[in-house]
>>> print(open('run-v9.cif').read())   # mmCIF, C-alpha atoms
data_final
loop_
_atom_site.label_atom_id
_atom_site.label_comp_id
_atom_site.auth_asym_id
_atom_site.auth_seq_id
_atom_site.Cartn_x
_atom_site.Cartn_y
_atom_site.Cartn_z
CA MET A 11 -17.06 -31.10 -10.62
CA SER A 12 -14.57 -29.85 -8.05
CA LEU A 13 -12.80 -26.62 -7.18
CA SER A 14 -9.24 -25.89 -8.26
CA VAL A 15 -7.28 -24.16 -5.51
CA ILE A 16 -4.01 -22.26 -5.21
CA SER A 17 -2.45 -23.07 -1.84
CA VAL A 18 0.15 -20.82 -0.22
CA PRO A 19 1.74 -22.48 2.83
CA PRO A 20 2.94 -20.58 5.90
CA VAL A 21 6.37 -19.05 5.40
CA SER A 22 7.38 -18.23 8.97
CA GLY A 23 8.51 -21.73 9.93
CA LYS A 24 6.35 -21.54 13.06
CA PRO A 25 3.35 -23.77 13.83
CA THR A 26 0.41 -22.93 11.57
CA ALA A 27 -1.84 -20.45 13.36
CA GLY A 28 -4.87 -20.78 11.10
CA LEU A 29 -6.20 -20.80 7.58
CA LEU A 30 -7.57 -18.07 5.31
CA ALA A 31 -9.67 -19.22 2.35
CA VAL A 32 -10.29 -16.57 -0.32
CA LEU A 33 -12.96 -16.37 -3.06
CA HIS A 34 -12.63 -14.12 -6.12
CA GLY A 35 -15.36 -12.07 -7.77
CA PHE A 36 -17.32 -12.32 -11.02
CA GLY A 37 -14.84 -12.56 -13.90
CA GLY A 38 -11.81 -12.84 -11.62
CA ASN A 39 -9.72 -15.88 -10.76
CA ALA A 40 -7.70 -17.35 -7.94
CA GLN A 41 -4.37 -16.24 -9.39
CA GLU A 42 -5.37 -12.57 -9.22
CA LEU A 43 -6.18 -12.72 -5.53
CA ALA A 44 -3.20 -14.94 -4.73
CA SER A 45 -1.03 -12.00 -5.79
CA LEU A 46 -2.34 -10.17 -2.71
CA ALA A 47 -0.91 -12.78 -0.35
CA PRO A 48 2.21 -10.78 0.62
CA GLY A 49 0.07 -7.76 1.49
CA LEU A 50 -1.96 -9.79 3.96
CA ASN A 51 1.20 -10.40 6.02
CA LEU A 52 -0.14 -13.63 7.52
CA SER A 53 3.12 -15.56 7.52
CA ASP A 54 1.91 -18.08 10.14
CA TYR A 55 -1.25 -18.93 8.16
CA GLN A 56 -2.14 -21.32 5.39
CA LEU A 57 -3.69 -19.32 2.52
CA MET A 58 -5.97 -20.96 -0.04
CA PHE A 59 -7.43 -19.24 -3.11
CA ALA A 60 -10.27 -21.07 -4.84
CA ASN A 61 -11.32 -20.80 -8.48
CA ALA A 62 -15.06 -20.63 -9.14
CA PRO A 63 -16.36 -23.66 -11.05
CA PHE A 64 -17.85 -21.85 -14.06
CA SER A 65 -16.14 -20.12 -16.98
CA HIS A 66 -16.96 -16.44 -17.43
CA PRO A 67 -18.93 -15.81 -20.64
CA TYR A 68 -16.85 -12.83 -21.79
CA THR A 69 -13.27 -13.36 -20.59
CA SER A 70 -11.05 -16.33 -21.37
CA THR A 71 -9.33 -16.36 -17.97
CA GLY A 72 -12.27 -15.28 -15.81
CA ARG A 73 -14.41 -17.51 -13.63
CA MET A 74 -17.77 -17.04 -11.93
CA TRP A 75 -19.76 -18.57 -9.10
CA TYR A 76 -22.95 -17.93 -11.08
CA ASP A 77 -23.99 -15.79 -14.03
CA LEU A 78 -24.85 -12.23 -13.03
CA GLY A 79 -26.66 -11.66 -16.32
CA ARG A 80 -30.11 -12.84 -17.22
CA SER A 81 -29.07 -16.44 -17.61
CA GLN A 82 -31.67 -18.99 -16.63
CA ASP A 83 -28.77 -21.13 -15.42
CA ALA A 84 -27.91 -18.77 -12.55
CA PRO A 85 -30.04 -20.44 -9.81
CA GLN A 86 -28.65 -23.88 -10.66
CA GLN A 87 -25.11 -22.52 -10.83
CA LEU A 88 -25.52 -20.86 -7.43
CA ALA A 89 -26.77 -24.14 -5.95
CA GLN A 90 -23.80 -26.04 -7.42
CA SER A 91 -21.29 -23.46 -6.21
CA ARG A 92 -22.86 -23.49 -2.77
CA GLN A 93 -22.55 -27.27 -2.57
CA LEU A 94 -18.97 -27.32 -3.88
CA LEU A 95 -17.85 -24.61 -1.46
CA THR A 96 -19.52 -26.30 1.49
CA GLU A 97 -17.91 -29.65 0.65
CA TRP A 98 -14.51 -28.03 0.14
CA LEU A 99 -14.59 -26.02 3.36
CA THR A 100 -15.76 -28.93 5.48
CA SER A 101 -12.96 -31.08 4.02
CA LEU A 102 -10.21 -28.62 4.94
CA GLU A 103 -10.00 -29.64 8.58
CA SER A 104 -9.05 -33.24 7.78
CA ALA A 105 -6.87 -32.16 4.83
CA THR A 106 -4.85 -29.52 6.70
CA GLY A 107 -5.28 -30.36 10.38
CA ILE A 108 -6.57 -26.81 10.95
CA PRO A 109 -10.01 -26.71 12.62
CA LEU A 110 -12.83 -24.67 11.11
CA SER A 111 -12.79 -22.56 14.25
CA ARG A 112 -9.38 -21.23 13.12
CA THR A 113 -10.42 -20.90 9.48
CA VAL A 114 -11.59 -17.57 8.05
CA LEU A 115 -13.47 -17.35 4.75
CA CYS A 116 -12.95 -14.17 2.74
CA GLY A 117 -14.50 -13.08 -0.54
CA PHE A 118 -14.36 -10.15 -2.95
CA SER A 119 -17.52 -8.91 -4.72
CA GLN A 120 -19.46 -12.01 -5.89
CA GLY A 121 -17.02 -14.02 -3.78
CA GLY A 122 -18.15 -11.94 -0.81
CA ALA A 123 -21.75 -12.91 -1.49
CA MET A 124 -20.72 -16.57 -1.61
CA THR A 125 -18.74 -16.12 1.60
CA LEU A 126 -21.88 -15.07 3.45
CA ASP A 127 -24.11 -17.56 1.63
CA VAL A 128 -22.00 -20.54 2.67
CA GLY A 129 -20.04 -19.26 5.65
CA LEU A 130 -23.00 -18.26 7.81
CA ASN A 131 -23.96 -21.93 7.94
CA LEU A 132 -20.57 -23.25 9.04
CA PRO A 133 -18.70 -23.04 12.40
CA LEU A 134 -15.90 -20.91 10.94
CA GLY A 135 -13.69 -18.53 12.88
CA GLY A 136 -14.89 -15.54 10.88
CA LEU A 137 -16.10 -14.18 7.54
CA VAL A 138 -14.69 -11.28 5.51
CA VAL A 139 -16.68 -9.52 2.78
CA LEU A 140 -14.78 -7.09 0.54
CA SER A 141 -16.88 -4.97 -1.85
CA GLY A 142 -19.59 -7.62 -1.65
CA TYR A 143 -23.28 -8.07 -1.04
CA LEU A 144 -25.73 -10.40 0.70
CA HIS A 145 -27.98 -13.02 -0.84
CA PRO A 146 -31.41 -13.24 0.83
CA VAL A 147 -31.21 -15.12 4.14
CA SER A 148 -34.24 -17.36 4.47
CA GLN A 149 -33.93 -18.56 8.04
CA ARG A 150 -32.19 -17.85 11.33
CA SER A 151 -29.59 -20.28 12.67
CA ASP A 152 -30.07 -21.72 16.14
CA ARG A 153 -26.34 -22.30 16.65
CA GLY A 154 -25.18 -18.75 16.04
CA TYR A 155 -22.99 -17.21 13.37
CA PRO A 156 -19.31 -16.46 12.84
CA PRO A 157 -18.27 -12.81 13.29
CA VAL A 158 -18.26 -10.84 10.04
CA LEU A 159 -16.04 -8.06 8.72
CA ILE A 160 -17.54 -5.95 5.93
CA ALA A 161 -15.29 -3.50 4.05
CA HIS A 162 -16.52 -1.44 1.12
CA GLY A 163 -15.54 1.50 -1.06
CA THR A 164 -17.56 4.69 -0.89
CA GLN A 165 -16.88 5.24 -4.61
CA ASP A 166 -17.82 1.74 -5.74
CA THR A 167 -19.84 1.91 -8.98
CA ILE A 168 -20.02 -1.89 -9.48
CA VAL A 169 -21.49 -2.95 -6.14
CA PRO A 170 -22.89 0.23 -4.58
CA LEU A 171 -22.14 1.18 -0.99
CA SER A 172 -25.81 0.70 -0.16
CA SER A 173 -25.34 -3.06 -0.71
CA ALA A 174 -22.81 -3.18 2.11
CA GLN A 175 -25.00 -1.05 4.36
CA LYS A 176 -28.01 -3.29 3.72
CA ALA A 177 -25.91 -6.37 4.42
CA ARG A 178 -24.76 -4.88 7.73
CA GLU A 179 -28.35 -4.10 8.74
CA ALA A 180 -29.68 -7.53 7.74
CA LEU A 181 -26.86 -9.43 9.46
CA THR A 182 -27.11 -7.35 12.62
CA ALA A 183 -30.85 -8.08 12.72
CA LEU A 184 -30.01 -11.81 12.61
CA GLY A 185 -27.75 -11.42 15.60
CA VAL A 186 -24.46 -11.57 13.71
CA SER A 187 -21.50 -9.69 15.21
CA VAL A 188 -20.61 -7.31 12.36
CA ARG A 189 -17.56 -5.10 12.02
CA TYR A 190 -18.04 -2.53 9.27
CA GLN A 191 -15.58 -0.16 7.62
CA GLU A 192 -15.75 2.11 4.59
CA PHE A 193 -12.79 3.18 2.45
CA ASN A 194 -12.48 6.05 -0.01
CA MET A 195 -12.08 3.83 -3.06
CA GLY A 196 -13.87 2.12 -5.94
CA HIS A 197 -14.36 -1.58 -6.67
CA TYR A 198 -10.92 -2.86 -5.74
CA VAL A 199 -8.71 -3.67 -2.74
CA LEU A 200 -6.41 -1.17 -1.02
CA PRO A 201 -3.31 -2.04 1.05
CA GLU A 202 -4.98 -0.33 4.03
CA GLU A 203 -7.92 -2.69 3.60
CA LEU A 204 -5.62 -5.71 3.72
CA GLN A 205 -4.28 -4.44 7.05
CA VAL A 206 -7.83 -4.43 8.42
CA VAL A 207 -8.35 -7.97 7.13
CA GLN A 208 -5.10 -9.11 8.74
CA ASN A 209 -6.09 -7.63 12.11
CA PHE A 210 -9.50 -9.30 11.94
CA VAL A 211 -8.05 -12.70 11.05
CA LEU A 212 -5.52 -12.51 13.87
CA GLU A 213 -8.17 -11.45 16.34
CA VAL A 214 -10.79 -14.11 15.60
CA THR A 215 -8.30 -17.00 15.45
CA SER A 216 -5.81 -16.08 18.19
CA ASN A 217 -7.95 -17.11 21.16
CA VAL A 218 -9.16 -20.40 19.70
CA LYS A 219 -7.80 -23.56 21.29
CA LYS A 220 -5.35 -25.30 18.98
#
>>> encode(input="run-v9.cif", output="structure tokens")
Amino acid sequence: MSLSVISVPPVSGKPTAGLLAVLHGFGGNAQELASLAPGLNLSDYQLMFANAPFSHPYTSTGRMWYDLGRSQDAPQQLAQSRQLLTEWLTSLESATGIPLSRTVLCGFSQGGAMTLDVGLNLPLGGLVVLSGYLHPVSQRSDRGYPPVLIAHGTQDTIVPLSSAQKAREALTALGVSVRYQEFNMGHYVLPEELQVVQNFVLEVTSNVKK
């Protein structure tokens, strides 16, 4: 089993400044999020949108990182997705020539949970969680954590705002540098939110030695 990925190369013609890897949510797919690429306005960056490994049970085009229902397969699916994402992310440096220190992992909803689950254990440039939540963190890392941006809608009825607030509190308690911002929206992505993501990506990758 491996991940299928949509890759969008830099369009500026300048040297590649970094890499943004993006994970979709439960029932979404890579193509949906790839449509947001122009709004990110990261013309110097390699963009990569990964499809989750499992088919969604109720939509023909949807994918999932693990079943959010009562499926007994969910723990095993989570473990498989965690392993696949870790292997994929750690392979990107040799595949693209872009170091992990200039790679940012971003996820929406369930993809945001996977971003934190996997990304907190890797030396990435930063993590972005959009309308997401935090899996339980069992142990503290001795080597530190990447900085994290959390953005969430105050009107979100799918993943409540309290999930983002709890994630901020838990990550801060671990010693993670967390940037947190709320938007007056539901469970989706606003253009204004993409601007915040762009600024964060530029900030955490601009001072890294190339």
>>> residues_around(input="run-v9.cif", residues="Thr113 of chain A", least_positions_apart="3", cutoff="7 Å", atoms="all atoms listed in the file", output="list of chain:residue names")
A:Gly28, A:Leu29, A:Leu30, A:Pro109, A:Leu110, A:Leu134, A:Gly135
>>> write_last_selection(input="run-v9.cif", atoms="C-alpha atoms", output="mmCIF file, in the coordinates of the input")
data_model
loop_
_atom_site.group_PDB
_atom_site.id
_atom_site.type_symbol
_atom_site.label_atom_id
_atom_site.label_comp_id
_atom_site.auth_asym_id
_atom_site.auth_seq_id
_atom_site.Cartn_x
_atom_site.Cartn_y
_atom_site.Cartn_z
ATOM 1 C CA GLY A 28 -4.870 -20.780 11.100
ATOM 2 C CA LEU A 29 -6.200 -20.800 7.580
ATOM 3 C CA LEU A 30 -7.570 -18.070 5.310
ATOM 4 C CA PRO A 109 -10.010 -26.710 12.620
ATOM 5 C CA LEU A 110 -12.830 -24.670 11.110
ATOM 6 C CA LEU A 134 -15.900 -20.910 10.940
ATOM 7 C CA GLY A 135 -13.690 -18.530 12.880
#
>>> resolve_selection(input="run-v9.cif", expression="the PyMOL selection byres ((chain A and resi 68) around 12)", output="PyMOL selection string")
chain A and resi 36-38+64-67+69-74+77-79
>>> atom_distance(input="run-v9.cif", atom1="atom CA of Pro48 of chain A", atom2="atom CA of Val139 of chain A")
19.1 Å
>>> resolve_selection(input="run-v9.cif", expression="the PyMOL selection byres ((chain A and resi 95) around 12)", output="PyMOL selection string")
chain A and resi 11-15+31-33+59-63+75+88-94+96-102+115+121+124-129+131-132
>>> closest_atom_pairs(input="run-v9.cif", of="segment 169-211 of chain A", to="segment 140-148 of chain A", cutoff="7 Å", atoms="all atoms listed in the file", output="Markdown table")
| residue | atom | partner | partner_atom | distance |
| --- | --- | --- | --- | --- |
| A:Val169 | CA | A:Ser141 | CA | 6.6 |
| A:Ser173 | CA | A:Tyr143 | CA | 5.4 |
| A:Ala174 | CA | A:Tyr143 | CA | 5.8 |
| A:Ala177 | CA | A:Leu144 | CA | 5.5 |
| A:His197 | CA | A:Ser141 | CA | 6.4 |
>>> resolve_selection(input="run-v9.cif", expression="the PyMOL selection byres ((chain A and resi 198-200) around 10)", output="ChimeraX atom specification")
/A:43,46,49,118-119,140-141,161-163,166,168,193-197,201-205
>>> residues_around(input="run-v9.cif", residues="Arg189 of chain A", least_positions_apart="6", cutoff="12 Å", atoms="all atoms listed in the file", output="VMD selection string")
chain A and resid 136 to 140 156 to 162 174 to 175 177 to 179 181 to 182 206 to 207 209 to 210 214
>>> atom_distance(input="run-v9.cif", atom1="atom CA of Tyr55 of chain A", atom2="atom CA of Ser216 of chain A")
11.4 Å
>>> build_atoms(input="run-v9.cif", residues="segment 51-66 of chain A", atoms="N, CA and C atoms", output="PDB file, in the frame of the given file")
ATOM      1  N   ASN A  51       0.214 -10.274   4.937  1.00  0.00           N
ATOM      2  CA  ASN A  51       1.200 -10.400   6.020  1.00  0.00           C
ATOM      3  C   ASN A  51       0.747 -11.401   7.081  1.00  0.00           C
ATOM      4  N   LEU A  52       0.295 -12.558   6.617  1.00  0.00           N
ATOM      5  CA  LEU A  52      -0.140 -13.630   7.520  1.00  0.00           C
ATOM      6  C   LEU A  52       0.828 -14.807   7.373  1.00  0.00           C
ATOM      7  N   SER A  53       2.056 -14.594   7.789  1.00  0.00           N
ATOM      8  CA  SER A  53       3.120 -15.560   7.520  1.00  0.00           C
ATOM      9  C   SER A  53       2.952 -16.869   8.293  1.00  0.00           C
ATOM     10  N   ASP A  54       2.143 -16.863   9.352  1.00  0.00           N
ATOM     11  CA  ASP A  54       1.910 -18.080  10.140  1.00  0.00           C
ATOM     12  C   ASP A  54       0.672 -18.841   9.661  1.00  0.00           C
ATOM     13  N   TYR A  55       0.035 -18.370   8.595  1.00  0.00           N
ATOM     14  CA  TYR A  55      -1.250 -18.930   8.160  1.00  0.00           C
ATOM     15  C   TYR A  55      -1.149 -19.627   6.809  1.00  0.00           C
ATOM     16  N   GLN A  56      -1.930 -20.685   6.682  1.00  0.00           N
ATOM     17  CA  GLN A  56      -2.140 -21.320   5.390  1.00  0.00           C
ATOM     18  C   GLN A  56      -3.138 -20.464   4.605  1.00  0.00           C
ATOM     19  N   LEU A  57      -2.797 -20.109   3.370  1.00  0.00           N
ATOM     20  CA  LEU A  57      -3.690 -19.320   2.520  1.00  0.00           C
ATOM     21  C   LEU A  57      -4.141 -20.186   1.349  1.00  0.00           C
ATOM     22  N   MET A  58      -5.434 -20.151   1.054  1.00  0.00           N
ATOM     23  CA  MET A  58      -5.970 -20.960  -0.040  1.00  0.00           C
ATOM     24  C   MET A  58      -6.911 -20.099  -0.886  1.00  0.00           C
ATOM     25  N   PHE A  59      -6.664 -20.068  -2.182  1.00  0.00           N
ATOM     26  CA  PHE A  59      -7.430 -19.240  -3.110  1.00  0.00           C
ATOM     27  C   PHE A  59      -8.158 -20.161  -4.087  1.00  0.00           C
ATOM     28  N   ALA A  60      -9.477 -20.132  -4.049  1.00  0.00           N
ATOM     29  CA  ALA A  60     -10.270 -21.070  -4.840  1.00  0.00           C
ATOM     30  C   ALA A  60     -10.764 -20.439  -6.138  1.00  0.00           C
ATOM     31  N   ASN A  61     -10.736 -21.221  -7.209  1.00  0.00           N
ATOM     32  CA  ASN A  61     -11.320 -20.800  -8.480  1.00  0.00           C
ATOM     33  C   ASN A  61     -12.787 -21.211  -8.527  1.00  0.00           C
ATOM     34  N   ALA A  62     -13.655 -20.306  -8.961  1.00  0.00           N
ATOM     35  CA  ALA A  62     -15.060 -20.630  -9.140  1.00  0.00           C
ATOM     36  C   ALA A  62     -15.203 -21.718 -10.210  1.00  0.00           C
ATOM     37  N   PRO A  63     -16.261 -22.504 -10.150  1.00  0.00           N
ATOM     38  CA  PRO A  63     -16.360 -23.660 -11.050  1.00  0.00           C
ATOM     39  C   PRO A  63     -16.773 -23.343 -12.486  1.00  0.00           C
ATOM     40  N   PHE A  64     -17.313 -22.132 -12.732  1.00  0.00           N
ATOM     41  CA  PHE A  64     -17.850 -21.850 -14.060  1.00  0.00           C
ATOM     42  C   PHE A  64     -17.004 -20.830 -14.817  1.00  0.00           C
ATOM     43  N   SER A  65     -16.864 -21.055 -16.122  1.00  0.00           N
ATOM     44  CA  SER A  65     -16.140 -20.120 -16.980  1.00  0.00           C
ATOM     45  C   SER A  65     -16.966 -18.854 -17.160  1.00  0.00           C
ATOM     46  N   HIS A  66     -16.279 -17.715 -17.188  1.00  0.00           N
ATOM     47  CA  HIS A  66     -16.960 -16.440 -17.430  1.00  0.00           C
ATOM     48  C   HIS A  66     -17.317 -16.347 -18.907  1.00  0.00           C
TER      49      HIS A  66
END
